[in-house]
Amino acid sequence: MSEPGWDPGPVYFEPPARSSRPPEAPPTAPAASVDINVDAVAVAVPEGSTILQACRELGIDTPTLCTLETLRPVNACRLCVVEVAGSRALVPACSRRVDAGMEITTDSERVRHSRRLVLELLASSVDVALAGPEAPDGTIAAWMERYGADPGRFGDGVATVTQPVVVDNELYVRDYSKCILCYKCVEACGVDAQNTFAIAVAGRGFDAHIATEYEVPLPESACVYCGNCIGVCPTGALMSRREHEMREAGTWDETRQSVTSTICPYCGVGCGLDVHVQDGAIVKVTSPLDSSVTSGHLCIKGRFGFDFVRGPARQ
């Protein structure tokens with residue numbers, strides 16, 4: 001305690017000087033790499049990479065239908081199989097991690113035979129002629145030609161999944177004649193994105209199909225209409241109703257569409273949107289797979305809630 005009558009006077013504290021430069025991120029250790037051999041070529045790839053990622057880094061076109069970088073691999077389509085020295089069976093490139101010294105062959109006759117047979121079996125249950133042209137990258141028909149797949153050798157009229165389009169809501173349609181059971185929609189509806197678990201694969205063999213819980217109609221299911229299943233579907237089996245109707249009418253033309261990147265206006269999360277516009281009207285909204293906020297996934301408002309842009313109050 002100070003003595004009576006003692007006045008120390010005003011006390012001044014000098015604030016620490018602020019740097020005008022933004023703080024720098026701490027240095028990160030360089031990623032470790034492993035040496036592998038791909039098609040008789042020695043390469044170094046990041047440790048923890050899958051064989052499929054390594055092949056893509058090397059520019060090797062490895063077909064796959066069930067794999068997406070934002071979803072866990074489920075090894076469903078078996079198109080990406082490759083040979084690994086020492087392995088008795090062909091291994092799925094989408095989920096197998098590389099090991100140091102691994103010797104991989106991506107285009108041997110055994111690999112080509114396996115991929116050819118998978119495509120033939122796929123075409124024996126689904127009309128890939130319907131699925132192929134509407135696939136985002138149009139690769140199914142190209143793969144059939146590349147590997148010489150001939151589903152006709154299983155008999156005439158091999159397409160068994162022929163059924164009418166299901167239209168039971170205002171937002172999207174389901175055309176199971178194009179469904180190849182890639183499981184992408186199931187994963188997007190589950191723990192990989194939405195955590196709604198409204199759909200799953202039911203049945204076995206030729207009876208396997210995408211279904212809601214207890215096979216109830218979609219409007220009565222747990223579906224929240226986020227449309228993330230649409231965003232990952234590779235064949236057009238799941239499609240927004242507007243796009244489906246425009247395709248049916250012959251008015252859908254991607255060459256006349258422009259894409260504008262923006263931020264969703266509905267809440268503060270900041271989801272990135274790609275707005276597809278044709279003839280002055282929004283026809284579809286997607287989100288880029290490399291978005292750090294969405295990883296390509298959206299909610300019902302972000303994906304479907306764009307009609308207000310041309311509402312009567314805004315005309």
# chains A, B, ... in the order shown; residues from 1 in each chain; ligands from 1

call {"tool": "select_by_dssp", "arguments": {"residues": "region 110-301 of chain A", "states": "strand (DSSP E or B)", "output": "PyMOL selection string"}}
result
chain A and resi 166+172-174+199-202+209-212+238-240+257-263+272-278+281-286

call {"tool": "residues_around", "arguments": {"residues": "Asp61 (chain A)", "least_positions_apart": "5", "cutoff": "10 Å", "atoms": "only C-alpha atoms", "output": "list in words"}}
result
Leu52, Cys55, Arg56, Cys80, Thr106 and Asp107 of chain A

call {"tool": "write_last_selection", "arguments": {"atoms": "C-alpha atoms", "output": "compact mmCIF listing (two decimals), in the first residue's frame"}}
result
# COMPACT_ATOMS: atom_id res chain seq x y z
CA LEU A 52 -6.84 -44.45 -58.61
CA CYS A 55 -3.24 -43.15 -61.89
CA ARG A 56 -5.01 -39.83 -62.33
CA CYS A 80 -11.41 -49.55 -61.82
CA THR A 106 -3.51 -50.92 -65.35
CA ASP A 107 -4.16 -52.20 -68.87

call {"tool": "residues_around", "arguments": {"residues": "region 36-45 of chain A", "least_positions_apart": "3", "cutoff": "9 Å", "atoms": "only C-alpha atoms", "output": "list in words"}}
result
Ala32, Ser33, Gly48, Ser49, Ala54, Cys55, Glu57, Leu58, Val98, Asp99, Ala100, Gly101, Met102, Glu103, Ile104, Thr105, Thr106 and Asp107 of chain A

call {"tool": "write_last_selection", "arguments": {"atoms": "N, CA and C atoms", "output": "compact mmCIF listing (two decimals), in the first residue's frame"}}
result
# COMPACT_ATOMS: atom_id res chain seq x y z
N ALA A 32 5.07 -36.85 -47.29
CA ALA A 32 5.95 -37.98 -47.60
C ALA A 32 5.47 -38.63 -48.89
N SER A 33 6.38 -39.26 -49.58
CA SER A 33 6.04 -39.92 -50.83
C SER A 33 6.54 -41.36 -50.79
N GLY A 48 -0.30 -42.45 -48.78
CA GLY A 48 -1.72 -42.47 -48.47
C GLY A 48 -2.63 -42.35 -49.67
N SER A 49 -2.05 -42.13 -50.86
CA SER A 49 -2.86 -42.05 -52.08
C SER A 49 -3.46 -43.40 -52.40
N ALA A 54 -3.32 -42.10 -57.82
CA ALA A 54 -1.99 -42.15 -58.43
C ALA A 54 -2.11 -42.22 -59.95
N CYS A 55 -3.05 -43.04 -60.44
CA CYS A 55 -3.24 -43.15 -61.89
C CYS A 55 -3.68 -41.82 -62.49
N GLU A 57 -3.05 -38.84 -61.30
CA GLU A 57 -1.90 -37.94 -61.27
C GLU A 57 -0.97 -38.20 -62.45
N LEU A 58 -0.90 -39.45 -62.88
CA LEU A 58 -0.02 -39.83 -63.99
C LEU A 58 -0.72 -39.70 -65.34
N VAL A 98 -1.70 -47.10 -51.90
CA VAL A 98 -0.41 -47.52 -52.44
C VAL A 98 0.54 -47.88 -51.31
N ASP A 99 1.41 -48.83 -51.57
CA ASP A 99 2.48 -49.22 -50.65
C ASP A 99 3.82 -49.05 -51.37
N ALA A 100 4.85 -48.80 -50.62
CA ALA A 100 6.18 -48.65 -51.21
C ALA A 100 6.56 -49.92 -51.95
N GLY A 101 7.04 -49.74 -53.17
CA GLY A 101 7.46 -50.87 -53.98
C GLY A 101 6.34 -51.58 -54.72
N MET A 102 5.12 -51.09 -54.61
CA MET A 102 3.98 -51.74 -55.27
C MET A 102 4.16 -51.69 -56.79
N GLU A 103 3.89 -52.82 -57.45
CA GLU A 103 3.95 -52.91 -58.90
C GLU A 103 2.53 -53.07 -59.43
N ILE A 104 2.11 -52.10 -60.24
CA ILE A 104 0.72 -52.01 -60.69
C ILE A 104 0.67 -52.08 -62.21
N THR A 105 -0.27 -52.85 -62.71
CA THR A 105 -0.52 -52.92 -64.15
C THR A 105 -1.97 -52.52 -64.39
N THR A 106 -2.17 -51.48 -65.20
CA THR A 106 -3.51 -50.92 -65.35
C THR A 106 -4.22 -51.32 -66.62
N ASP A 107 -3.51 -51.94 -67.58
CA ASP A 107 -4.16 -52.20 -68.87
C ASP A 107 -3.75 -53.55 -69.44

call {"tool": "closest_atom_pairs", "arguments": {"of": "region 176-265 of chain A", "to": "region 299-302 of chain A", "cutoff": "10 Å", "atoms": "only C-alpha atoms", "output": "CSV"}}
result
residue,atom,partner,partner_atom,distance
A:Gln194,CA,A:Cys299,CA,8.7
A:Val224,CA,A:Ile300,CA,7.3
A:Tyr225,CA,A:Ile300,CA,5.6
A:Cys226,CA,A:Ile300,CA,4.1
A:Gly227,CA,A:Ile300,CA,6.7
A:Asn228,CA,A:Cys299,CA,7.8
A:Ile263,CA,A:Gly302,CA,9.3
A:Cys264,CA,A:Gly302,CA,6.1
A:Pro265,CA,A:Gly302,CA,8.1

call {"tool": "write_last_selection", "arguments": {"atoms": "N, CA and C atoms", "output": "CSV table (one decimal), in the first residue's frame"}}
result
chain,number,residue,atom,x,y,z
A,194,GLN,N,-25.6,-35.9,-46.2
A,194,GLN,CA,-26.8,-35.4,-45.6
A,194,GLN,C,-27.2,-36.0,-44.3
A,224,VAL,N,-35.5,-35.2,-47.4
A,224,VAL,CA,-35.7,-33.7,-47.1
A,224,VAL,C,-35.5,-32.9,-48.4
A,225,TYR,N,-35.4,-33.6,-49.6
A,225,TYR,CA,-35.4,-33.0,-50.9
A,225,TYR,C,-34.2,-32.0,-51.0
A,226,CYS,N,-33.0,-32.4,-50.5
A,226,CYS,CA,-31.8,-31.6,-50.6
A,226,CYS,C,-31.3,-31.8,-52.1
A,227,GLY,N,-31.6,-32.9,-52.7
A,227,GLY,CA,-31.1,-33.1,-54.1
A,227,GLY,C,-29.7,-33.5,-54.2
A,228,ASN,N,-29.0,-33.8,-53.1
A,228,ASN,CA,-27.6,-34.2,-53.2
A,228,ASN,C,-27.5,-35.6,-53.9
A,263,ILE,N,-22.8,-16.8,-54.2
A,263,ILE,CA,-23.0,-17.3,-52.9
A,263,ILE,C,-24.5,-17.5,-52.6
A,264,CYS,N,-24.9,-18.5,-52.0
A,264,CYS,CA,-26.3,-18.8,-51.7
A,264,CYS,C,-26.9,-17.6,-50.8
A,265,PRO,N,-28.0,-17.1,-51.1
A,265,PRO,CA,-28.6,-15.9,-50.4
A,265,PRO,C,-29.4,-16.3,-49.2

call {"tool": "residues_around", "arguments": {"residues": "Asn75 (chain A)", "least_positions_apart": "5", "cutoff": "12 Å", "atoms": "only C-alpha atoms", "output": "list in words"}}
result
Leu52, Thr64, Leu65, Cys66, Thr67, Leu68, Cys80, Val81, Val91, Pro92, Ala93, Cys94, Ser95, Arg96, Leu181, Cys182, Tyr183 and Lys184 of chain A

call {"tool": "atom_distance", "arguments": {"atom1": "CA of Phe308 (chain A)", "atom2": "CA of Thr262 (chain A)"}}
result
16.0 Å

call {"tool": "residues_around", "arguments": {"residues": "Phe306 (chain A)", "least_positions_apart": "5", "cutoff": "10 Å", "atoms": "only C-alpha atoms", "output": "list in words"}}
result
Cys264, Pro265, Val275, Ala281, Ile282, Val283, Lys284, Val285, Lys301 and Gly311 of chain A

call {"tool": "residues_around", "arguments": {"residues": "Ile199 (chain A)", "least_positions_apart": "3", "cutoff": "8 Å", "atoms": "only C-alpha atoms", "output": "list in words"}}
result
Cys185, Val186, Cys189, Ile210, Ala211, Thr212, Glu213 and Cys223 of chain A

call {"tool": "write_last_selection", "arguments": {"atoms": "C-alpha atoms", "output": "PDB file, in the first residue's frame"}}
result
ATOM      1  CA  CYS A 185     -26.958 -41.506 -54.016  1.00  0.00           C
ATOM      2  CA  VAL A 186     -27.030 -43.787 -50.967  1.00  0.00           C
ATOM      3  CA  CYS A 189     -27.951 -39.350 -48.433  1.00  0.00           C
ATOM      4  CA  ILE A 210     -32.779 -48.107 -54.805  1.00  0.00           C
ATOM      5  CA  ALA A 211     -35.617 -47.838 -52.305  1.00  0.00           C
ATOM      6  CA  THR A 212     -36.914 -45.746 -49.436  1.00  0.00           C
ATOM      7  CA  GLU A 213     -37.411 -47.178 -45.973  1.00  0.00           C
ATOM      8  CA  CYS A 223     -36.332 -37.446 -47.703  1.00  0.00           C
TER       9      CYS A 223
END

call {"tool": "closest_residue", "arguments": {"among": "A:Tyr176, A:Phe154, A:Trp252, A:Tyr214", "to": "Asp279 (chain A)", "atoms": "only C-alpha atoms"}}
result
A:Trp252

call {"tool": "closest_residue", "arguments": {"among": "A:Ala200, A:Leu117, A:Ile60, A:Val165", "to": "Met144 (chain A)", "atoms": "only C-alpha atoms"}}
result
A:Leu117

call {"tool": "select_by_dssp", "arguments": {"residues": "region 50-148 of chain A", "states": "helix (DSSP H, G or I)", "output": "count of residues only"}}
result
37

call {"tool": "closest_residue", "arguments": {"among": "A:Val84, A:Leu119, A:Val74, A:Cys179", "to": "Ala142 (chain A)", "atoms": "only C-alpha atoms"}}
result
A:Leu119

call {"tool": "closest_residue", "arguments": {"among": "A:Glu170, A:Glu47, A:Asp156, A:Glu254", "to": "Met239 (chain A)", "atoms": "only C-alpha atoms"}}
result
A:Glu170

call {"tool": "decode", "arguments": {"residues": "region 30-57 of chain A", "atoms": "N, CA and C atoms", "output": "PDB file, in the first residue's frame"}}
result
ATOM      1  N   PRO A  30       6.721 -31.202 -45.561  1.00  0.00           N
ATOM      2  CA  PRO A  30       6.374 -31.722 -46.892  1.00  0.00           C
ATOM      3  C   PRO A  30       5.788 -33.118 -46.792  1.00  0.00           C
ATOM      4  N   ALA A  31       4.799 -33.377 -47.643  1.00  0.00           N
ATOM      5  CA  ALA A  31       4.143 -34.678 -47.628  1.00  0.00           C
ATOM      6  C   ALA A  31       5.130 -35.769 -48.026  1.00  0.00           C
ATOM      7  N   ALA A  32       5.071 -36.851 -47.285  1.00  0.00           N
ATOM      8  CA  ALA A  32       5.950 -37.975 -47.605  1.00  0.00           C
ATOM      9  C   ALA A  32       5.474 -38.633 -48.890  1.00  0.00           C
ATOM     10  N   SER A  33       6.380 -39.255 -49.582  1.00  0.00           N
ATOM     11  CA  SER A  33       6.039 -39.923 -50.826  1.00  0.00           C
ATOM     12  C   SER A  33       6.540 -41.360 -50.786  1.00  0.00           C
ATOM     13  N   VAL A  34       5.931 -42.190 -51.631  1.00  0.00           N
ATOM     14  CA  VAL A  34       6.357 -43.577 -51.741  1.00  0.00           C
ATOM     15  C   VAL A  34       6.668 -43.862 -53.202  1.00  0.00           C
ATOM     16  N   ASP A  35       7.610 -44.740 -53.418  1.00  0.00           N
ATOM     17  CA  ASP A  35       8.007 -45.118 -54.769  1.00  0.00           C
ATOM     18  C   ASP A  35       7.239 -46.368 -55.189  1.00  0.00           C
ATOM     19  N   ILE A  36       6.557 -46.268 -56.317  1.00  0.00           N
ATOM     20  CA  ILE A  36       5.815 -47.396 -56.857  1.00  0.00           C
ATOM     21  C   ILE A  36       6.145 -47.546 -58.335  1.00  0.00           C
ATOM     22  N   ASN A  37       5.643 -48.606 -58.920  1.00  0.00           N
ATOM     23  CA  ASN A  37       5.866 -48.888 -60.331  1.00  0.00           C
ATOM     24  C   ASN A  37       4.514 -49.056 -60.996  1.00  0.00           C
ATOM     25  N   VAL A  38       4.196 -48.185 -61.942  1.00  0.00           N
ATOM     26  CA  VAL A  38       2.914 -48.232 -62.644  1.00  0.00           C
ATOM     27  C   VAL A  38       3.171 -48.470 -64.122  1.00  0.00           C
ATOM     28  N   ASP A  39       2.691 -49.580 -64.620  1.00  0.00           N
ATOM     29  CA  ASP A  39       2.872 -49.928 -66.033  1.00  0.00           C
ATOM     30  C   ASP A  39       4.350 -49.834 -66.442  1.00  0.00           C
ATOM     31  N   ALA A  40       5.194 -50.421 -65.574  1.00  0.00           N
ATOM     32  CA  ALA A  40       6.641 -50.511 -65.814  1.00  0.00           C
ATOM     33  C   ALA A  40       7.343 -49.161 -65.764  1.00  0.00           C
ATOM     34  N   VAL A  41       6.706 -48.161 -65.159  1.00  0.00           N
ATOM     35  CA  VAL A  41       7.324 -46.845 -65.010  1.00  0.00           C
ATOM     36  C   VAL A  41       7.443 -46.549 -63.522  1.00  0.00           C
ATOM     37  N   ALA A  42       8.651 -46.238 -63.047  1.00  0.00           N
ATOM     38  CA  ALA A  42       8.883 -45.915 -61.644  1.00  0.00           C
ATOM     39  C   ALA A  42       8.450 -44.481 -61.370  1.00  0.00           C
ATOM     40  N   VAL A  43       7.597 -44.296 -60.364  1.00  0.00           N
ATOM     41  CA  VAL A  43       7.093 -42.966 -60.027  1.00  0.00           C
ATOM     42  C   VAL A  43       7.037 -42.840 -58.506  1.00  0.00           C
ATOM     43  N   ALA A  44       6.999 -41.599 -58.030  1.00  0.00           N
ATOM     44  CA  ALA A  44       6.809 -41.304 -56.614  1.00  0.00           C
ATOM     45  C   ALA A  44       5.466 -40.598 -56.449  1.00  0.00           C
ATOM     46  N   VAL A  45       4.642 -41.088 -55.532  1.00  0.00           N
ATOM     47  CA  VAL A  45       3.314 -40.519 -55.308  1.00  0.00           C
ATOM     48  C   VAL A  45       3.170 -40.221 -53.821  1.00  0.00           C
ATOM     49  N   PRO A  46       2.264 -39.299 -53.451  1.00  0.00           N
ATOM     50  CA  PRO A  46       2.091 -38.974 -52.034  1.00  0.00           C
ATOM     51  C   PRO A  46       1.670 -40.200 -51.219  1.00  0.00           C
ATOM     52  N   GLU A  47       2.227 -40.307 -50.046  1.00  0.00           N
ATOM     53  CA  GLU A  47       1.878 -41.403 -49.158  1.00  0.00           C
ATOM     54  C   GLU A  47       0.397 -41.320 -48.789  1.00  0.00           C
ATOM     55  N   GLY A  48      -0.303 -42.448 -48.785  1.00  0.00           N
ATOM     56  CA  GLY A  48      -1.723 -42.474 -48.473  1.00  0.00           C
ATOM     57  C   GLY A  48      -2.625 -42.352 -49.675  1.00  0.00           C
ATOM     58  N   SER A  49      -2.055 -42.126 -50.862  1.00  0.00           N
ATOM     59  CA  SER A  49      -2.860 -42.047 -52.077  1.00  0.00           C
ATOM     60  C   SER A  49      -3.463 -43.404 -52.399  1.00  0.00           C
ATOM     61  N   THR A  50      -4.634 -43.366 -53.037  1.00  0.00           N
ATOM     62  CA  THR A  50      -5.176 -44.598 -53.594  1.00  0.00           C
ATOM     63  C   THR A  50      -4.525 -44.842 -54.953  1.00  0.00           C
ATOM     64  N   ILE A  51      -4.656 -46.051 -55.434  1.00  0.00           N
ATOM     65  CA  ILE A  51      -4.123 -46.359 -56.762  1.00  0.00           C
ATOM     66  C   ILE A  51      -4.809 -45.495 -57.812  1.00  0.00           C
ATOM     67  N   LEU A  52      -6.110 -45.273 -57.647  1.00  0.00           N
ATOM     68  CA  LEU A  52      -6.844 -44.451 -58.607  1.00  0.00           C
ATOM     69  C   LEU A  52      -6.308 -43.029 -58.618  1.00  0.00           C
ATOM     70  N   GLN A  53      -6.044 -42.463 -57.446  1.00  0.00           N
ATOM     71  CA  GLN A  53      -5.482 -41.116 -57.391  1.00  0.00           C
ATOM     72  C   GLN A  53      -4.107 -41.067 -58.041  1.00  0.00           C
ATOM     73  N   ALA A  54      -3.317 -42.101 -57.816  1.00  0.00           N
ATOM     74  CA  ALA A  54      -1.992 -42.151 -58.434  1.00  0.00           C
ATOM     75  C   ALA A  54      -2.107 -42.223 -59.948  1.00  0.00           C
ATOM     76  N   CYS A  55      -3.051 -43.035 -60.441  1.00  0.00           N
ATOM     77  CA  CYS A  55      -3.244 -43.150 -61.890  1.00  0.00           C
ATOM     78  C   CYS A  55      -3.676 -41.818 -62.488  1.00  0.00           C
ATOM     79  N   ARG A  56      -4.554 -41.121 -61.808  1.00  0.00           N
ATOM     80  CA  ARG A  56      -5.013 -39.831 -62.325  1.00  0.00           C
ATOM     81  C   ARG A  56      -3.889 -38.806 -62.327  1.00  0.00           C
ATOM     82  N   GLU A  57      -3.051 -38.844 -61.298  1.00  0.00           N
ATOM     83  CA  GLU A  57      -1.897 -37.940 -61.272  1.00  0.00           C
ATOM     84  C   GLU A  57      -0.966 -38.205 -62.446  1.00  0.00           C
TER      85      GLU A  57
END
